[in-house]
Amino acid sequence: MSMIRDLRAAVRPSRGRKDSPYETDPRNAARTNSAIVDCGVYRDGRRVSDHVTPSEAMAGVRGDGGFAWIGLHEPSEAEFAEIAREFGLHPLAVEDAVHAHQRPKLERYDDTLFTVFKTVHYVEHAELTATSEVVETGEVMCFTGRDFIVTVRHGGQGSLRALRHRLQDDPELLGKGPSAVLHAIADQVVDGYIAVAGAMQDDIDEVEIDVFSSGSDGKGGAGKGSPKGGDAGRIYQLKREVLEFKRAVSPLLRPMQVLSERPMRLVDTDIQKYFRDVADHLARVNEQVLSFDDLLNSILQANLAQATVAQNEDMRKITSWAAIFAVPTMIAGIYGMNFEYMPELKWKYGYPLVLLVTVGICFGIHRGFKRNGWL
């Protein structure tokens, strides 16, 4: 049990800590490609060399054992070509890693596992609007071999700097090899999903409260300000962001299932057990995202229903007033005809009587509409 606690403590991302997306040492950058963030050799769970090129790192690994961890950020084809040759990476996987915009997946090329993760970051905003960006996405791609792991990041999110330091503080875990790094990256990515899901839940709750509070006057009818004109836009924008989140979470279910259930030569058996924990967390996040989609559909339908009710209410009011004004219009039209014999035409009280009857009829119609809730 102590090993499980130590493992989880090592791979959990620190909350509220903002790390720089780059960790390039000037000496390392001068000797290697500019896209390389860090390159180190690990032996018996400890880092034994710094500021080396990928070629030097692999030479050290092949001579004395251990594994190399090379981190890159948005490399170009030319920058990645040398590393691809050095580690024997498959051209198709290299093409995916360079051009990015891939769906999460797990592929095996000879003795190399190629894994794609989509990182998700919640964008803080003072107020949710119809144009608010709620999530930002990036990518982390991992080439995992027997004695190396190459990580390629795209986007400003998903820094692995703090993760690398935490793993270096746990030699027992790093001693498991490249698969321990792969698990730590997967765990950090999924932990990021959990944080984003919680923040998006707050946004959805806020929209839900606004829609239903503005759509009811507390008496079963529509409120005076219902529904807000911007509610539909906000809901639709949230649905777009949930869809973006879903594209990161759902495709990763199968790769995590494979890593946790299928024996692999490149994944240490002790580490494989902990992939089940990651897969379980990912499944729960996926269920939450699916519920977000259903809930937003219900909120949007309720908002549209409120808009329809509000329009019907306006039409009833217009119809009621039109019916009231039709009475004096009709009477005035009758008395405006040029007939010689009209009711009470020569009676001196005829004019005020007609006005009184007109007002009485209008008042009666108004009371009837008021009683029925039309006015």
# chains A, B, ... in the order shown; residues from 1 in each chain; ligands from 1
>>> residues_around(residues="stretch 77-90 of chain A", least_positions_apart="5", cutoff="12 Å", atoms="only C-alpha atoms", output="CSV table (one decimal) with all heavy atoms, in the first residue's frame")
chain,number,residue,atom,x,y,z
A,29,ALA,N,20.7,23.6,-25.9
A,29,ALA,CA,20.1,24.1,-27.2
A,29,ALA,C,21.2,24.4,-28.2
A,29,ALA,O,21.0,24.3,-29.4
A,29,ALA,CB,19.3,25.4,-26.9
A,32,THR,N,22.1,20.9,-29.7
A,32,THR,CA,21.1,20.0,-30.3
A,32,THR,C,20.1,20.9,-31.0
A,32,THR,O,20.2,22.1,-31.1
A,32,THR,CB,20.4,19.2,-29.2
A,32,THR,OG1,19.8,20.1,-28.3
A,32,THR,CG2,21.4,18.3,-28.5
A,33,ASN,N,19.0,20.2,-31.4
A,33,ASN,CA,17.9,21.0,-32.1
A,33,ASN,C,17.3,21.9,-31.1
A,33,ASN,O,17.1,21.7,-29.9
A,33,ASN,CB,16.9,20.0,-32.6
A,33,ASN,CG,17.5,19.0,-33.7
A,33,ASN,OD1,18.3,19.5,-34.5
A,33,ASN,ND2,17.1,17.8,-33.6
A,34,SER,N,16.8,23.1,-31.6
A,34,SER,CA,16.1,24.1,-30.8
A,34,SER,C,14.8,23.6,-30.2
A,34,SER,O,14.4,24.1,-29.2
A,34,SER,CB,15.9,25.4,-31.6
A,34,SER,OG,15.0,25.1,-32.7
A,35,ALA,N,14.2,22.6,-30.8
A,35,ALA,CA,12.9,22.0,-30.3
A,35,ALA,C,13.1,21.2,-29.1
A,35,ALA,O,12.1,20.9,-28.4
A,35,ALA,CB,12.2,21.3,-31.4
A,36,ILE,N,14.3,20.7,-28.8
A,36,ILE,CA,14.5,19.9,-27.7
A,36,ILE,C,14.5,20.7,-26.4
A,36,ILE,O,15.2,21.6,-26.1
A,36,ILE,CB,15.9,19.2,-27.8
A,36,ILE,CG1,15.9,18.2,-29.0
A,36,ILE,CG2,16.2,18.4,-26.5
A,36,ILE,CD1,17.2,17.5,-29.1
A,39,CYS,N,17.0,16.6,-22.4
A,39,CYS,CA,17.5,15.3,-22.8
A,39,CYS,C,18.4,14.8,-21.7
A,39,CYS,O,19.3,15.4,-21.3
A,39,CYS,CB,18.3,15.4,-24.1
A,39,CYS,SG,18.9,13.8,-24.7
A,53,THR,N,23.3,15.3,-26.2
A,53,THR,CA,22.5,15.2,-27.4
A,53,THR,C,21.8,13.9,-27.4
A,53,THR,O,22.2,13.0,-26.7
A,53,THR,CB,23.4,15.3,-28.7
A,53,THR,OG1,24.3,14.2,-28.7
A,53,THR,CG2,24.2,16.6,-28.7
A,54,PRO,N,20.8,13.7,-28.2
A,54,PRO,CA,20.1,12.4,-28.3
A,54,PRO,C,21.1,11.3,-28.7
A,54,PRO,O,21.0,10.2,-28.1
A,54,PRO,CB,19.0,12.6,-29.3
A,54,PRO,CG,18.7,14.1,-29.3
A,54,PRO,CD,20.0,14.7,-29.0
A,55,SER,N,22.0,11.5,-29.6
A,55,SER,CA,23.0,10.5,-30.0
A,55,SER,C,23.9,10.1,-28.8
A,55,SER,O,24.1,8.9,-28.5
A,55,SER,CB,23.8,11.0,-31.1
A,55,SER,OG,23.0,11.3,-32.2
A,56,GLU,N,24.3,11.1,-28.0
A,56,GLU,CA,25.2,10.8,-26.8
A,56,GLU,C,24.3,10.1,-25.8
A,56,GLU,O,24.9,9.2,-25.1
A,56,GLU,CB,25.7,12.1,-26.3
A,56,GLU,CG,26.7,12.8,-27.2
A,56,GLU,CD,27.0,14.2,-26.7
A,56,GLU,OE1,26.3,14.8,-25.9
A,56,GLU,OE2,28.0,14.8,-27.2
A,57,ALA,N,23.1,10.5,-25.6
A,57,ALA,CA,22.2,9.8,-24.6
A,57,ALA,C,22.1,8.3,-25.0
A,57,ALA,O,22.2,7.4,-24.1
A,57,ALA,CB,20.9,10.5,-24.6
A,58,MET,N,21.8,8.0,-26.3
A,58,MET,CA,21.6,6.6,-26.7
A,58,MET,C,22.9,5.8,-26.6
A,58,MET,O,22.9,4.7,-26.3
A,58,MET,CB,21.0,6.6,-28.1
A,58,MET,CG,19.5,6.9,-28.1
A,58,MET,SD,18.5,6.0,-26.9
A,58,MET,CE,18.8,4.3,-27.5
A,59,ALA,N,24.0,6.5,-26.9
A,59,ALA,CA,25.3,5.8,-26.8
A,59,ALA,C,25.5,5.4,-25.3
A,59,ALA,O,26.0,4.3,-25.0
A,59,ALA,CB,26.4,6.7,-27.3
A,61,VAL,N,23.2,4.9,-23.0
A,61,VAL,CA,22.3,3.8,-22.6
A,61,VAL,C,22.7,2.5,-23.2
A,61,VAL,O,22.6,1.5,-22.5
A,61,VAL,CB,20.9,4.2,-23.2
A,61,VAL,CG1,19.9,3.0,-23.0
A,61,VAL,CG2,20.3,5.4,-22.4
A,62,ARG,N,23.1,2.4,-24.4
A,62,ARG,CA,23.5,1.2,-25.0
A,62,ARG,C,24.8,0.6,-24.4
A,62,ARG,O,25.0,-0.6,-24.4
A,62,ARG,CB,23.7,1.3,-26.5
A,62,ARG,CG,22.3,1.5,-27.2
A,62,ARG,CD,22.5,2.1,-28.6
A,62,ARG,NE,21.2,2.3,-29.2
A,62,ARG,CZ,21.0,3.1,-30.3
A,62,ARG,NH1,22.0,3.7,-30.8
A,62,ARG,NH2,19.7,3.3,-30.8
A,67,PHE,N,17.9,4.2,-19.4
A,67,PHE,CA,17.0,4.7,-20.5
A,67,PHE,C,17.2,6.2,-20.7
A,67,PHE,O,17.6,6.9,-19.8
A,67,PHE,CB,15.5,4.3,-20.3
A,67,PHE,CG,14.8,5.1,-19.3
A,67,PHE,CD1,14.1,6.2,-19.6
A,67,PHE,CD2,14.9,4.7,-18.0
A,67,PHE,CE1,13.4,6.9,-18.6
A,67,PHE,CE2,14.2,5.4,-17.0
A,67,PHE,CZ,13.5,6.5,-17.3
A,68,ALA,N,16.9,6.6,-21.9
A,68,ALA,CA,17.0,8.0,-22.2
A,68,ALA,C,15.6,8.6,-22.3
A,68,ALA,O,14.6,8.0,-22.8
A,68,ALA,CB,17.7,8.2,-23.5
A,69,TRP,N,15.4,9.9,-21.9
A,69,TRP,CA,14.2,10.6,-21.9
A,69,TRP,C,14.4,11.9,-22.7
A,69,TRP,O,15.1,12.8,-22.2
A,69,TRP,CB,13.6,10.8,-20.6
A,69,TRP,CG,12.2,11.6,-20.6
A,69,TRP,CD1,11.5,12.0,-21.6
A,69,TRP,CD2,11.5,11.9,-19.4
A,69,TRP,NE1,10.4,12.6,-21.2
A,69,TRP,CE2,10.3,12.5,-19.9
A,69,TRP,CE3,11.6,11.7,-18.0
A,69,TRP,CZ2,9.3,13.0,-19.0
A,69,TRP,CZ3,10.7,12.1,-17.2
A,69,TRP,CH2,9.5,12.8,-17.6
A,70,ILE,N,13.9,12.0,-23.9
A,70,ILE,CA,14.1,13.2,-24.7
A,70,ILE,C,12.7,13.9,-24.8
A,70,ILE,O,11.7,13.3,-25.2
A,70,ILE,CB,14.6,12.9,-26.1
A,70,ILE,CG1,16.0,12.3,-26.0
A,70,ILE,CG2,14.7,14.1,-27.0
A,70,ILE,CD1,16.1,10.8,-25.9
A,71,GLY,N,12.7,15.2,-24.4
A,71,GLY,CA,11.4,16.0,-24.5
A,71,GLY,C,11.6,17.0,-25.6
A,71,GLY,O,12.6,17.8,-25.6
A,72,LEU,N,10.6,17.1,-26.5
A,72,LEU,CA,10.6,18.1,-27.5
A,72,LEU,C,9.3,18.9,-27.5
A,72,LEU,O,8.2,18.5,-27.0
A,72,LEU,CB,10.7,17.5,-28.9
A,72,LEU,CG,12.0,16.6,-29.2
A,72,LEU,CD1,11.7,15.2,-28.9
A,72,LEU,CD2,12.5,16.8,-30.6
A,95,GLU,N,5.4,11.3,-38.7
A,95,GLU,CA,4.6,12.3,-39.4
A,95,GLU,C,3.4,12.8,-38.5
A,95,GLU,O,3.1,14.0,-38.5
A,95,GLU,CB,4.0,11.7,-40.7
A,95,GLU,CG,3.1,12.6,-41.5
A,95,GLU,CD,2.6,12.0,-42.8
A,95,GLU,OE1,2.8,10.8,-43.0
A,95,GLU,OE2,1.8,12.6,-43.5
A,96,ASP,N,2.8,11.9,-37.8
A,96,ASP,CA,1.8,12.3,-36.9
A,96,ASP,C,2.3,13.2,-35.8
A,96,ASP,O,1.6,14.2,-35.4
A,96,ASP,CB,1.1,11.1,-36.2
A,96,ASP,CG,0.3,10.3,-37.2
A,96,ASP,OD1,0.0,10.8,-38.3
A,96,ASP,OD2,-0.1,9.1,-36.9
A,97,ALA,N,3.5,12.9,-35.3
A,97,ALA,CA,4.1,13.7,-34.2
A,97,ALA,C,4.5,15.1,-34.6
A,97,ALA,O,4.3,16.0,-33.9
A,97,ALA,CB,5.3,13.0,-33.6
A,98,VAL,N,4.9,15.2,-35.9
A,98,VAL,CA,5.3,16.5,-36.4
A,98,VAL,C,4.1,17.4,-36.7
A,98,VAL,O,4.0,18.6,-36.3
A,98,VAL,CB,6.2,16.4,-37.6
A,98,VAL,CG1,6.4,17.7,-38.3
A,98,VAL,CG2,7.5,15.7,-37.2
A,99,HIS,N,3.1,16.8,-37.3
A,99,HIS,CA,2.0,17.7,-37.8
A,99,HIS,C,0.9,17.8,-36.8
A,99,HIS,O,0.0,18.7,-36.9
A,99,HIS,CB,1.4,17.1,-39.1
A,99,HIS,CG,2.3,17.1,-40.2
A,99,HIS,ND1,3.1,16.1,-40.6
A,99,HIS,CD2,2.7,18.2,-41.1
A,99,HIS,CE1,3.9,16.4,-41.7
A,99,HIS,NE2,3.6,17.7,-42.0
A,100,ALA,N,0.9,17.0,-35.7
A,100,ALA,CA,-0.1,17.1,-34.6
A,100,ALA,C,-1.5,17.0,-35.1
A,100,ALA,O,-1.8,16.4,-36.2
A,100,ALA,CB,0.1,18.4,-33.9
A,107,GLU,N,-0.7,3.0,-30.8
A,107,GLU,CA,-0.3,2.2,-31.9
A,107,GLU,C,1.1,1.6,-31.6
A,107,GLU,O,1.9,2.2,-30.9
A,107,GLU,CB,-0.2,3.1,-33.2
A,107,GLU,CG,-1.5,3.6,-33.6
A,107,GLU,CD,-1.3,4.5,-34.9
A,107,GLU,OE1,-0.2,4.9,-35.2
A,107,GLU,OE2,-2.4,4.8,-35.5
A,108,ARG,N,1.3,0.4,-32.2
A,108,ARG,CA,2.6,-0.3,-31.9
A,108,ARG,C,3.3,-0.4,-33.3
A,108,ARG,O,2.7,-0.9,-34.3
A,108,ARG,CB,2.3,-1.7,-31.3
A,108,ARG,CG,3.6,-2.4,-31.1
A,108,ARG,CD,3.4,-3.7,-30.2
A,108,ARG,NE,4.7,-4.3,-29.9
A,108,ARG,CZ,4.8,-5.3,-29.1
A,108,ARG,NH1,3.7,-5.8,-28.4
A,108,ARG,NH2,6.0,-5.9,-28.9
A,109,TYR,N,4.5,0.0,-33.3
A,109,TYR,CA,5.4,-0.1,-34.5
A,109,TYR,C,6.6,-0.9,-34.1
A,109,TYR,O,7.5,-0.3,-33.3
A,109,TYR,CB,5.8,1.3,-35.0
A,109,TYR,CG,4.6,2.1,-35.5
A,109,TYR,CD1,4.0,3.0,-34.7
A,109,TYR,CD2,4.1,1.9,-36.8
A,109,TYR,CE1,3.0,3.8,-35.2
A,109,TYR,CE2,3.1,2.7,-37.3
A,109,TYR,CZ,2.5,3.6,-36.5
A,109,TYR,OH,1.5,4.4,-36.9
A,110,ASP,N,6.7,-2.1,-34.4
A,110,ASP,CA,7.8,-3.0,-34.1
A,110,ASP,C,8.0,-3.0,-32.6
A,110,ASP,O,7.1,-3.4,-31.8
A,110,ASP,CB,9.1,-2.5,-34.8
A,110,ASP,CG,8.9,-2.6,-36.3
A,110,ASP,OD1,8.2,-3.5,-36.8
A,110,ASP,OD2,9.5,-1.7,-37.0
A,111,ASP,N,9.1,-2.5,-32.1
A,111,ASP,CA,9.4,-2.4,-30.6
A,111,ASP,C,9.2,-1.1,-30.0
A,111,ASP,O,9.8,-0.7,-29.1
A,111,ASP,CB,10.8,-2.9,-30.4
A,111,ASP,CG,11.0,-4.4,-30.6
A,111,ASP,OD1,10.0,-5.1,-30.4
A,111,ASP,OD2,12.2,-4.8,-30.9
A,112,THR,N,8.2,-0.3,-30.6
A,112,THR,CA,8.0,1.0,-30.1
A,112,THR,C,6.5,1.2,-30.0
A,112,THR,O,5.7,0.9,-30.9
A,112,THR,CB,8.5,2.1,-31.1
A,112,THR,OG1,9.9,1.9,-31.2
A,112,THR,CG2,8.3,3.5,-30.5
A,113,LEU,N,6.0,1.8,-28.8
A,113,LEU,CA,4.6,2.2,-28.7
A,113,LEU,C,4.5,3.7,-28.9
A,113,LEU,O,5.3,4.5,-28.4
A,113,LEU,CB,4.2,1.9,-27.2
A,113,LEU,CG,4.0,0.4,-26.8
A,113,LEU,CD1,3.6,0.4,-25.3
A,113,LEU,CD2,2.9,-0.2,-27.7
A,114,PHE,N,3.5,4.0,-29.8
A,114,PHE,CA,3.3,5.4,-30.1
A,114,PHE,C,1.9,5.8,-29.4
A,114,PHE,O,0.9,5.2,-29.8
A,114,PHE,CB,3.2,5.7,-31.6
A,114,PHE,CG,2.9,7.1,-32.0
A,114,PHE,CD1,3.7,8.1,-31.5
A,114,PHE,CD2,1.8,7.3,-32.7
A,114,PHE,CE1,3.4,9.4,-31.9
A,114,PHE,CE2,1.5,8.6,-33.1
A,114,PHE,CZ,2.3,9.7,-32.7
A,142,CYS,N,3.9,10.3,-27.2
A,142,CYS,CA,5.0,9.5,-26.6
A,142,CYS,C,5.5,8.4,-27.4
A,142,CYS,O,4.6,7.6,-27.9
A,142,CYS,CB,4.6,9.0,-25.2
A,142,CYS,SG,4.0,10.3,-24.0
A,143,PHE,N,6.8,8.3,-27.7
A,143,PHE,CA,7.4,7.1,-28.3
A,143,PHE,C,8.1,6.4,-27.2
A,143,PHE,O,9.1,6.8,-26.6
A,143,PHE,CB,8.4,7.5,-29.4
A,143,PHE,CG,7.8,8.3,-30.6
A,143,PHE,CD1,7.6,9.6,-30.5
A,143,PHE,CD2,7.4,7.6,-31.7
A,143,PHE,CE1,7.1,10.3,-31.6
A,143,PHE,CE2,6.9,8.2,-32.8
A,143,PHE,CZ,6.7,9.6,-32.8
A,144,THR,N,7.5,5.2,-26.9
A,144,THR,CA,8.1,4.4,-25.8
A,144,THR,C,8.8,3.1,-26.3
A,144,THR,O,8.1,2.3,-27.0
A,144,THR,CB,7.0,4.0,-24.8
A,144,THR,OG1,6.2,5.1,-24.4
A,144,THR,CG2,7.6,3.3,-23.6
A,145,GLY,N,10.1,3.0,-26.0
A,145,GLY,CA,10.8,1.8,-26.4
A,145,GLY,C,11.4,1.1,-25.2
A,145,GLY,O,11.1,1.5,-24.0
A,146,ARG,N,12.3,0.1,-25.4
A,146,ARG,CA,12.8,-0.6,-24.3
A,146,ARG,C,13.8,0.3,-23.5
A,146,ARG,O,13.8,0.1,-22.2
A,146,ARG,CB,13.6,-1.8,-24.8
A,146,ARG,CG,12.7,-2.9,-25.4
A,146,ARG,CD,13.6,-4.1,-25.8
A,146,ARG,NE,12.8,-5.2,-26.3
A,146,ARG,CZ,12.2,-6.1,-25.5
A,146,ARG,NH1,12.4,-6.0,-24.2
A,146,ARG,NH2,11.5,-7.1,-26.0
A,147,ASP,N,14.5,1.2,-24.1
A,147,ASP,CA,15.5,1.9,-23.4
A,147,ASP,C,15.4,3.4,-23.7
A,147,ASP,O,16.4,4.2,-23.6
A,147,ASP,CB,16.9,1.5,-23.7
A,147,ASP,CG,17.2,1.3,-25.2
A,147,ASP,OD1,16.3,1.8,-26.0
A,147,ASP,OD2,18.2,0.8,-25.6
A,148,PHE,N,14.2,3.9,-24.1
A,148,PHE,CA,14.0,5.3,-24.4
A,148,PHE,C,12.6,5.7,-24.3
A,148,PHE,O,11.7,4.8,-24.5
A,148,PHE,CB,14.6,5.7,-25.7
A,148,PHE,CG,13.8,5.2,-26.9
A,148,PHE,CD1,12.7,5.8,-27.4
A,148,PHE,CD2,14.2,3.9,-27.5
A,148,PHE,CE1,12.0,5.3,-28.5
A,148,PHE,CE2,13.5,3.4,-28.6
A,148,PHE,CZ,12.4,4.1,-29.1
A,149,ILE,N,12.3,6.9,-24.1
A,149,ILE,CA,11.0,7.5,-24.3
A,149,ILE,C,11.2,8.9,-24.8
A,149,ILE,O,12.0,9.7,-24.3
A,149,ILE,CB,10.2,7.5,-23.0
A,149,ILE,CG1,8.8,8.1,-23.2
A,149,ILE,CG2,10.9,8.3,-21.8
A,149,ILE,CD1,7.8,7.9,-22.1
A,150,VAL,N,10.5,9.2,-25.9
A,150,VAL,CA,10.6,10.5,-26.6
A,150,VAL,C,9.2,11.1,-26.5
A,150,VAL,O,8.2,10.5,-26.9
A,150,VAL,CB,11.0,10.4,-28.1
A,150,VAL,CG1,11.0,11.8,-28.7
A,150,VAL,CG2,12.3,9.7,-28.2
A,151,THR,N,9.1,12.3,-25.9
A,151,THR,CA,7.8,13.0,-25.7
A,151,THR,C,7.8,14.3,-26.6
A,151,THR,O,8.8,15.0,-26.6
A,151,THR,CB,7.6,13.4,-24.2
A,151,THR,OG1,8.7,14.2,-23.8
A,151,THR,CG2,7.5,12.2,-23.4
A,152,VAL,N,6.7,14.4,-27.3
A,152,VAL,CA,6.6,15.6,-28.2
A,152,VAL,C,5.3,16.3,-27.8
A,152,VAL,O,4.2,15.8,-27.8
A,152,VAL,CB,6.5,15.1,-29.7
A,152,VAL,CG1,6.3,16.3,-30.6
A,152,VAL,CG2,7.7,14.3,-30.1
>>> select_by_dssp(residues="stretch 30-72 of chain A", states="helix (DSSP H, G or I)", output="list in words")
Ala30, Arg31, Pro54, Ser55, Glu56, Ala57, Met58, Ala59, Gly60, Val61, Arg62, Gly63 and Asp64 of chain A
>>> atom_distance(atom1="atom CA of A:Phe369", atom2="atom CA of A:Ser320")
6.7 Å
>>> residues_around(residues="stretch 262-275 of chain A", least_positions_apart="2", cutoff="8 Å", atoms="only C-alpha atoms", output="number ranges by chain")
A: 111-113, 144-146, 176-180, 183, 256-260, 277-279
>>> write_last_selection(atoms="N, CA, C and O atoms", output="compact mmCIF listing (two decimals), in the first residue's frame")
# COMPACT_ATOMS: atom_id res chain seq x y z
N ASP A 111 9.12 -2.46 -32.06
CA ASP A 111 9.40 -2.44 -30.64
C ASP A 111 9.18 -1.05 -30.03
O ASP A 111 9.84 -0.67 -29.05
N THR A 112 8.25 -0.31 -30.61
CA THR A 112 7.96 1.05 -30.11
C THR A 112 6.46 1.24 -29.97
O THR A 112 5.70 0.87 -30.87
N LEU A 113 6.03 1.78 -28.84
CA LEU A 113 4.64 2.18 -28.65
C LEU A 113 4.51 3.66 -28.93
O LEU A 113 5.29 4.47 -28.42
N THR A 144 7.55 5.17 -26.90
CA THR A 144 8.09 4.39 -25.78
C THR A 144 8.77 3.15 -26.31
O THR A 144 8.14 2.33 -27.00
N GLY A 145 10.06 3.01 -26.01
CA GLY A 145 10.83 1.82 -26.39
C GLY A 145 11.38 1.12 -25.17
O GLY A 145 11.07 1.47 -24.04
N ARG A 146 12.25 0.14 -25.42
CA ARG A 146 12.83 -0.61 -24.30
C ARG A 146 13.76 0.27 -23.46
O ARG A 146 13.83 0.11 -22.24
N LYS A 176 11.62 1.58 -12.89
CA LYS A 176 10.77 0.69 -13.69
C LYS A 176 10.94 0.92 -15.19
O LYS A 176 10.43 0.15 -16.00
N GLY A 177 11.62 2.01 -15.57
CA GLY A 177 11.89 2.23 -16.99
C GLY A 177 10.94 3.19 -17.67
O GLY A 177 10.14 3.88 -17.02
N PRO A 178 10.98 3.24 -19.00
CA PRO A 178 10.16 4.19 -19.76
C PRO A 178 8.66 4.05 -19.53
O PRO A 178 7.92 5.03 -19.62
N SER A 179 8.18 2.85 -19.21
CA SER A 179 6.75 2.67 -19.01
C SER A 179 6.27 3.44 -17.77
O SER A 179 5.11 3.85 -17.70
N ALA A 180 7.15 3.65 -16.79
CA ALA A 180 6.78 4.45 -15.62
C ALA A 180 6.54 5.90 -16.03
O ALA A 180 5.63 6.56 -15.52
N HIS A 183 3.17 6.06 -17.85
CA HIS A 183 2.05 6.05 -16.90
C HIS A 183 1.89 7.41 -16.22
O HIS A 183 0.77 7.90 -16.04
N MET A 256 -6.24 3.28 -22.99
CA MET A 256 -6.00 3.03 -21.56
C MET A 256 -6.45 1.62 -21.17
O MET A 256 -5.83 0.98 -20.32
N GLN A 257 -7.50 1.15 -21.80
CA GLN A 257 -7.96 -0.21 -21.54
C GLN A 257 -6.92 -1.22 -21.99
O GLN A 257 -6.63 -2.20 -21.28
N VAL A 258 -6.35 -0.98 -23.16
CA VAL A 258 -5.33 -1.89 -23.68
C VAL A 258 -4.10 -1.89 -22.78
O VAL A 258 -3.54 -2.95 -22.44
N LEU A 259 -3.65 -0.70 -22.36
CA LEU A 259 -2.46 -0.60 -21.52
C LEU A 259 -2.67 -1.23 -20.15
O LEU A 259 -1.72 -1.72 -19.53
N SER A 260 -3.91 -1.25 -19.68
CA SER A 260 -4.18 -1.78 -18.34
C SER A 260 -4.50 -3.27 -18.35
O SER A 260 -4.40 -3.92 -17.31
N ASP A 277 -5.96 2.21 -12.69
CA ASP A 277 -6.44 3.36 -11.94
C ASP A 277 -6.69 4.53 -12.88
O ASP A 277 -7.70 5.23 -12.77
N VAL A 278 -5.77 4.74 -13.82
CA VAL A 278 -5.94 5.82 -14.81
C VAL A 278 -7.17 5.55 -15.67
O VAL A 278 -7.97 6.45 -15.94
N ALA A 279 -7.33 4.30 -16.11
CA ALA A 279 -8.48 3.95 -16.95
C ALA A 279 -9.79 4.15 -16.20
O ALA A 279 -10.79 4.60 -16.79
>>> residues_around(residues="stretch 198-200 of chain A", least_positions_apart="4", cutoff="8 Å", atoms="only C-alpha atoms", output="ChimeraX atom specification")
/A:122,134,194,204
